[in-house]
Amino acid sequence: MRRRAFLLLAAAAGTQGCGSPSRPAAGRATGRPSDGGASGFANPVRIPPLLEPVVDSAGVKTFTLTAQRGRTEFLPGKPAPTWGFNGPYLGPTLRASRGDRVRVNVVNRIGEDTTVHWHGMRVPALMDGGPQRIIAPDATWSPHWTVEQPAATTWYHPHPHGYTVQHVYRGLAGMFLLDDPRSQALDLPRTYGVDDFPLIVQDKVLNDDGTLSEKRLDDSVFFLGDRILVNGTLDPHLKVGSQRVRLRILNASNSRLFHIGFADGRAFQVVGADAGLLPAPAQVDRISLSPAERAEIVVAFSPGESVILRSSGGRDPIDKGDFDLLKIIAADRLRPSSEVPDHLGTTPPIEVPADARVRGFRLDGDDEINGRDYAMDRIDEVVPAGAREIWEVEARDHAHNFHIHEVALRVLDIDGSPPPQWYRSQKDTVFLPAKSKVRLAVEFGHFTDPRTPYMFHCHILRHEDRGMMGQFVIVEPGTEAEVPRTLPTGHAGPHG
Ligand code: C2O
Ligand code: CU
Ligand code: CU
C-alpha cells in the first residue's frame with residue numbers, strides 16, 4: 001500500500017517522477033463533456049471579473065461581496081437556480097498585494113445562515129470565517145486584515161458546519177489573488193484575463209432540465225459528478241493570444257481528485273502551489289489536485305494550434321473516469337513571451353527544529369479525526385504562536401485530504417517517500433491516498449486568540465460536514481496549559 005500511494009503521486013509528477021509510462025494513454029474514452037459531441041467546447045470559458053476595491057484615504061481597500069441567488073444557463077435555454085457572489089454563479093476575483101490593508105463587506109442575501117472563509121489567507125482567527133462566524137440572512141460581516149504573506153492563489157468559500165457541501169456546490173466560491181513585489185517583477189505571464197487565467201474546475205451532476213442535481217450530494221462516501229464546469233462554463237474553450245500562458249487551476253469540487261495534463265502529453269511548468277511560488281519551476285506533464293488544492297502552471301503554444309486540457313482517471317473511487325476540462329485555441333499569431341525564469345519564489349522552505357512537537361491525526365471512516373467528530377465547543381489542539389511542528393496525518397479506509405487554516409505547510413513525505421518536486425513547495429492542503437500517511441512540516445502564524453479557533457479538516461466537503469474536522473487555537477508561547485479547552489456553548493461570536 002505504501003508503494004501504491006507513492007505511485008499515485010509519482011504519476012502526478014509526470015516527467016519528474018519514476019519515468020515509467022504507466023499513465024493512461026491519451027485519447028481513451030473520455031467523460032461526457034468531451035471531444036466529439038456536437039457542442040464540443042462550444043462555449044467561451046467565462047473569466048470571473050476582477051472586483052475593484054474602494055480605496056479610502058487611509059489606503060484601505062474595501063471589497064463588497066454579496067452572496068445571492070440567481071439563475072445560470074449551464075445548458076442553453078434551460079436556466080437553473082444557482083448561488084453566487086455578486087452574480088448568479090461563483091464570484092469575482094479579488095486581488096491585493098503584500099502590505100495592503102483589506103476589508104471585505106460580505107453581505108448575505110441567500111436567505112439562510114452562511115459563512116465565508118479565506119482559504120489560504122493568513123489572517124487573525126476572528127477574520128477567518130470558520131463555522132463560528134455565522135452571517136445571518138441580510139446581515140453583513142466585514143472582516144479586515146493586512147496582507148502579510150507572499151504572492152499566492154487563494155480562494156474564498158462558505159464554511160457553515162453541515163452545509164458547506166450545498167453552499168459550495170450551488171456556486172459560492174471565488175479566487176483571491178495575492179501579489180508581492182517579487183512576483184510583480186518576475187517575467188511570468190501576469191495580465192489577468194490576457195495571459196494569466198483563473199480556472200475553477202468543478203464536477204457536477206446536471207439534470208436534463210439544466211438544474212444541478214443534489215440527489216447524491218449527501219448519500220455517498222464521495223459525491224462525484226460526470227459533467228465538468230470550468231469557471232461555471234460547461235463545454236468550455238479558451239482562446240489565447242500569447243506564446244506562454246499562466247493557468248491558475250483551483251479544484252473547487254466537492255470530492256473529485258483530478259490528474260491534469262494535456263491530451264497530447266506536452267510538458268508544462270508548475271510555478272506555484274497553494275501557498276505561493278515555487279523556488280524554481282518544475283517541469284511535468286501531469287499534476288494531481290484534490291479539492292481545494294491550487295497550482296499555477298505556465299504552458300507554451302504554437303500559433304494556430306488547439307490542445308485539450310484533460311483529467312485522466314485513476315484507480316481510486318475518487319478519481320474514476322477521464323474528463324476533458326477545456327479546449328485551448330491558440331491564435332494564428334501569438335505575442336512572444338519570455339521563458340519562465342529559473343528562479344521564482346524567495347520564501348525559504350519550511351524547516352522544523354530537531355525537537356519539533358509532533359502531533360498525529362488519524363482520519364477514520366468519513367467523519368472522524370482521532371476517533372472523534374467535530375465539536376464546535378471543543379478546542380482539540382493548542383499551538384504556541386510561531387511554532388513549527390510536524391503533523392502526521394493518516395488516512396484509514398478511504399482517500400482523504402487535509403487542510404489547515406492559517407498555516408503554510410510543506411509535505412515532508414508520503415508513506416516515507418518524498419513527494420514530487422512541485423508538491424514539496426508551500427501548501428495548505430494535501431492529498432492522502434487511502435491507507436496512506438503523510439508527514440507535514442507546519443509553520444504557524446503569530447495571531448494569538450485563545451478563544452477563537454481555526455479549523456483543520458478533510459476538504460472532501462461531505463467529510464468536513466459530517467465532522468472530519470477539528471479546531472486549534474494559537475496562543476502566546478508559555479500559556480498553552482492555561483487555555484480553556486472548552487468554549488462556552490453557543491459561542492458563535494457576534495452575528496453580522
Ligand atoms: Cu477551504 Cu476550512 O477550508
Ligand atoms: Cu482554509
Ligand atoms: Cu475525507
# chains A, B, ... in the order shown; residues from 1 in each chain; ligands from 1
>>> residues_near_ligand(ligand="ligand 2", cutoff="8 Å", atoms="only C-alpha atoms and all ligand atoms", output="tab-separated table (two decimals) with C-alpha atoms, in the first residue's frame")
chain	number	residue	atom	x	y	z
A	117	HIS	CA	-13.68	31.61	4.75
A	118	TRP	CA	-10.50	32.93	3.12
A	119	HIS	CA	-8.84	29.67	2.19
A	120	GLY	CA	-5.06	30.09	2.16
A	121	MET	CA	-5.15	33.59	3.62
A	403	HIS	CA	-6.27	21.29	5.10
A	404	ILE	CA	-5.08	23.51	7.93
A	405	HIS	CA	-6.32	27.08	8.24
A	406	GLU	CA	-3.86	29.95	8.68
A	428	ASP	CA	-2.10	24.48	2.75
A	455	MET	CA	-10.02	24.64	11.65
A	456	PHE	CA	-8.17	21.63	10.34
>>> residues_around(residues="A:Gln166", least_positions_apart="6", cutoff="10 Å", atoms="only C-alpha atoms", output="PyMOL selection string")
chain A and resi 83+158+160+172+214+217-218+254+461-462+465
>>> select_by_dssp(residues="stretch 101-271 of chain A", states="strand (DSSP E or B)", output="NGL selection string")
:A and (101-109 or 114 or 117-119 or 135 or 140-141 or 144-146 or 152-157 or 174-179 or 192 or 196-204 or 206 or 212 or 227-230 or 233-234 or 236-242 or 244-251 or 258-262 or 268-271)
>>> residues_around(residues="stretch 94-104 of chain A", least_positions_apart="3", cutoff="7 Å", atoms="only C-alpha atoms", output="list in words")
Leu50, Leu51, Val60, Lys61, Thr62, Phe63, Thr64, Leu65, Ser142, Pro143, His144, Trp145, Thr146, Val147, Glu148, Gln149, Pro150, Met175, Phe176, Leu177, Leu178, Asp179 and Asp180 of chain A
>>> residues_around(residues="stretch 270-277 of chain A", least_positions_apart="6", cutoff="9 Å", atoms="only C-alpha atoms", output="PyMOL selection string")
chain A and resi 120-121+149-154+178+183+246+248+283-284+287+292-299+340+344-347+407-409+422-429
>>> write_last_selection(atoms="N, CA and C atoms", output="mmCIF file, in the first residue's frame")
data_model
loop_
_atom_site.group_PDB
_atom_site.id
_atom_site.type_symbol
_atom_site.label_atom_id
_atom_site.label_comp_id
_atom_site.auth_asym_id
_atom_site.auth_seq_id
_atom_site.Cartn_x
_atom_site.Cartn_y
_atom_site.Cartn_z
ATOM 1 N N GLY A 120 -6.444 29.817 2.550
ATOM 2 C CA GLY A 120 -5.059 30.094 2.156
ATOM 3 C C GLY A 120 -4.579 31.454 2.619
ATOM 4 N N MET A 121 -5.501 32.252 3.150
ATOM 5 C CA MET A 121 -5.147 33.589 3.621
ATOM 6 C C MET A 121 -4.731 33.471 5.084
ATOM 7 N N GLN A 149 1.671 38.006 3.584
ATOM 8 C CA GLN A 149 2.173 36.725 3.103
ATOM 9 C C GLN A 149 2.622 36.886 1.663
ATOM 10 N N PRO A 150 3.419 35.935 1.175
ATOM 11 C CA PRO A 150 3.912 36.031 -0.203
ATOM 12 C C PRO A 150 2.786 35.855 -1.231
ATOM 13 N N ALA A 151 3.089 36.226 -2.457
ATOM 14 C CA ALA A 151 2.147 36.070 -3.565
ATOM 15 C C ALA A 151 1.606 34.647 -3.593
ATOM 16 N N ALA A 152 0.296 34.517 -3.854
ATOM 17 C CA ALA A 152 -0.319 33.182 -3.878
ATOM 18 C C ALA A 152 -1.682 33.265 -4.545
ATOM 19 N N THR A 153 -2.175 32.110 -4.948
ATOM 20 C CA THR A 153 -3.534 31.991 -5.467
ATOM 21 C C THR A 153 -4.376 31.417 -4.338
ATOM 22 N N THR A 154 -5.138 32.272 -3.658
ATOM 23 C CA THR A 154 -6.003 31.775 -2.590
ATOM 24 C C THR A 154 -7.442 31.823 -3.080
ATOM 25 N N LEU A 178 -3.050 37.072 -4.573
ATOM 26 C CA LEU A 178 -2.128 37.929 -3.830
ATOM 27 C C LEU A 178 -0.843 38.115 -4.627
ATOM 28 N N SER A 183 6.878 38.876 -7.044
ATOM 29 C CA SER A 183 6.070 38.236 -8.082
ATOM 30 C C SER A 183 5.755 39.223 -9.199
ATOM 31 N N ARG A 246 -0.302 31.537 -18.362
ATOM 32 C CA ARG A 246 -0.318 31.032 -16.994
ATOM 33 C C ARG A 246 -1.755 30.656 -16.647
ATOM 34 N N ARG A 248 -4.092 29.406 -13.504
ATOM 35 C CA ARG A 248 -4.182 29.209 -12.052
ATOM 36 C C ARG A 248 -5.349 28.255 -11.823
ATOM 37 N N GLN A 283 9.177 21.103 -14.166
ATOM 38 C CA GLN A 283 8.609 20.639 -15.438
ATOM 39 C C GLN A 283 7.962 19.276 -15.254
ATOM 40 N N VAL A 284 6.704 19.173 -15.664
ATOM 41 C CA VAL A 284 5.935 17.935 -15.504
ATOM 42 C C VAL A 284 5.007 17.802 -16.716
ATOM 43 N N ILE A 287 -0.314 16.982 -13.204
ATOM 44 C CA ILE A 287 -0.383 17.318 -11.779
ATOM 45 C C ILE A 287 -1.682 16.765 -11.218
ATOM 46 N N ALA A 292 -9.723 21.800 -3.201
ATOM 47 C CA ALA A 292 -9.139 22.995 -2.575
ATOM 48 C C ALA A 292 -7.683 23.225 -2.930
ATOM 49 N N GLU A 293 -7.025 22.253 -3.555
ATOM 50 C CA GLU A 293 -5.631 22.480 -3.936
ATOM 51 C C GLU A 293 -5.569 23.374 -5.175
ATOM 52 N N ARG A 294 -4.475 24.137 -5.283
ATOM 53 C CA ARG A 294 -4.247 25.004 -6.437
ATOM 54 C C ARG A 294 -2.865 24.745 -7.013
ATOM 55 N N ALA A 295 -2.760 24.990 -8.313
ATOM 56 C CA ALA A 295 -1.444 25.004 -8.947
ATOM 57 C C ALA A 295 -1.464 26.104 -9.987
ATOM 58 N N GLU A 296 -0.341 26.810 -10.090
ATOM 59 C CA GLU A 296 -0.166 27.764 -11.179
ATOM 60 C C GLU A 296 0.794 27.120 -12.162
ATOM 61 N N ILE A 297 0.350 27.013 -13.416
ATOM 62 C CA ILE A 297 1.214 26.410 -14.420
ATOM 63 C C ILE A 297 1.429 27.386 -15.575
ATOM 64 N N VAL A 298 2.553 27.231 -16.245
ATOM 65 C CA VAL A 298 2.812 28.003 -17.461
ATOM 66 C C VAL A 298 3.001 27.011 -18.588
ATOM 67 N N VAL A 299 2.262 27.238 -19.679
ATOM 68 C CA VAL A 299 2.318 26.309 -20.803
ATOM 69 C C VAL A 299 2.523 27.105 -22.087
ATOM 70 N N VAL A 340 10.162 30.962 -18.891
ATOM 71 C CA VAL A 340 9.929 31.016 -17.449
ATOM 72 C C VAL A 340 11.278 31.174 -16.746
ATOM 73 N N LEU A 344 12.141 31.627 -8.956
ATOM 74 C CA LEU A 344 10.821 32.235 -8.799
ATOM 75 C C LEU A 344 10.679 32.801 -7.388
ATOM 76 N N GLY A 345 10.110 31.994 -6.504
ATOM 77 C CA GLY A 345 9.858 32.483 -5.147
ATOM 78 C C GLY A 345 11.135 32.581 -4.336
ATOM 79 N N THR A 346 11.056 33.390 -3.299
ATOM 80 C CA THR A 346 12.225 33.552 -2.434
ATOM 81 C C THR A 346 11.924 33.073 -1.015
ATOM 82 N N THR A 347 10.696 32.552 -0.812
ATOM 83 C CA THR A 347 10.360 32.087 0.524
ATOM 84 C C THR A 347 11.150 30.822 0.825
ATOM 85 N N VAL A 407 -2.072 28.362 8.112
ATOM 86 C CA VAL A 407 -0.661 27.974 8.076
ATOM 87 C C VAL A 407 -0.100 27.931 6.655
ATOM 88 N N ALA A 408 1.209 27.798 6.574
ATOM 89 C CA ALA A 408 1.847 27.279 5.367
ATOM 90 C C ALA A 408 2.464 25.954 5.781
ATOM 91 N N LEU A 409 2.394 24.983 4.915
ATOM 92 C CA LEU A 409 2.959 23.685 5.261
ATOM 93 C C LEU A 409 3.772 23.137 4.097
ATOM 94 N N TRP A 422 7.236 19.613 -7.292
ATOM 95 C CA TRP A 422 6.319 20.755 -7.171
ATOM 96 C C TRP A 422 5.454 20.630 -5.927
ATOM 97 N N TYR A 423 5.288 19.402 -5.428
ATOM 98 C CA TYR A 423 4.421 19.147 -4.289
ATOM 99 C C TYR A 423 5.156 19.369 -2.966
ATOM 100 N N ARG A 424 6.455 19.687 -3.061
ATOM 101 C CA ARG A 424 7.236 19.926 -1.845
ATOM 102 C C ARG A 424 7.241 21.399 -1.469
ATOM 103 N N SER A 425 6.563 22.217 -2.269
ATOM 104 C CA SER A 425 6.589 23.643 -2.033
ATOM 105 C C SER A 425 5.508 24.050 -1.028
ATOM 106 N N GLN A 426 5.412 25.349 -0.756
ATOM 107 C CA GLN A 426 4.477 25.849 0.257
ATOM 108 C C GLN A 426 3.032 25.538 -0.119
ATOM 109 N N LYS A 427 2.340 24.853 0.787
ATOM 110 C CA LYS A 427 0.960 24.462 0.525
ATOM 111 C C LYS A 427 0.092 24.696 1.762
ATOM 112 N N ASP A 428 -1.216 24.476 1.588
ATOM 113 C CA ASP A 428 -2.102 24.484 2.754
ATOM 114 C C ASP A 428 -3.054 23.301 2.764
ATOM 115 N N THR A 429 -3.023 22.489 1.715
ATOM 116 C CA THR A 429 -3.913 21.337 1.601
ATOM 117 C C THR A 429 -3.111 20.220 0.953
#
>>> closest_residue(among="A:Val168, A:Leu186, A:Ala280, A:Ile390", to="ligand 1", atoms="only C-alpha atoms and all ligand atoms")
A:Val168
>>> residues_near_ligand(ligand="ligand 3", cutoff="10 Å", atoms="only C-alpha atoms and all ligand atoms", output="ChimeraX atom specification")
/A:221-222,255,363-369,395-402,431-432,434,457-469
>>> closest_residue(among="A:Pro236, A:Pro81, A:Gly130, A:Gly313", to="ligand 1", atoms="only C-alpha atoms and all ligand atoms")
A:Gly130
>>> closest_residue(among="A:Ile134, A:Ala300, A:Val411, A:Ile249", to="A:Tyr163", atoms="only C-alpha atoms")
A:Ile134
>>> atom_distance(atom1="atom CA of A:Pro53", atom2="atom CA of A:Pro198")
19.0 Å
>>> decode(residues="stretch 180-196 of chain A", atoms="C-alpha atoms", output="short mmCIF file (atom, residue, chain, number, x, y, z; two decimals), in the first residue's frame")
data_model
loop_
_atom_site.label_atom_id
_atom_site.label_comp_id
_atom_site.auth_asym_id
_atom_site.auth_seq_id
_atom_site.Cartn_x
_atom_site.Cartn_y
_atom_site.Cartn_z
CA ASP A 180 4.15 40.80 -3.84
CA PRO A 181 6.96 42.95 -5.22
CA ARG A 182 8.94 39.88 -6.19
CA SER A 183 6.07 38.24 -8.08
CA GLN A 184 5.30 41.55 -9.82
CA ALA A 185 8.87 41.86 -11.05
CA LEU A 186 9.11 38.30 -12.37
CA ASP A 187 8.92 37.76 -16.08
CA LEU A 188 5.90 35.46 -15.83
CA PRO A 189 2.60 35.89 -17.65
CA ARG A 190 0.62 38.10 -15.26
CA THR A 191 -2.02 40.06 -17.10
CA TYR A 192 -5.35 38.86 -15.76
CA GLY A 193 -7.65 37.55 -18.47
CA VAL A 194 -5.00 38.09 -21.16
CA ASP A 195 -2.18 35.66 -20.44
CA ASP A 196 -2.99 34.81 -16.82
#
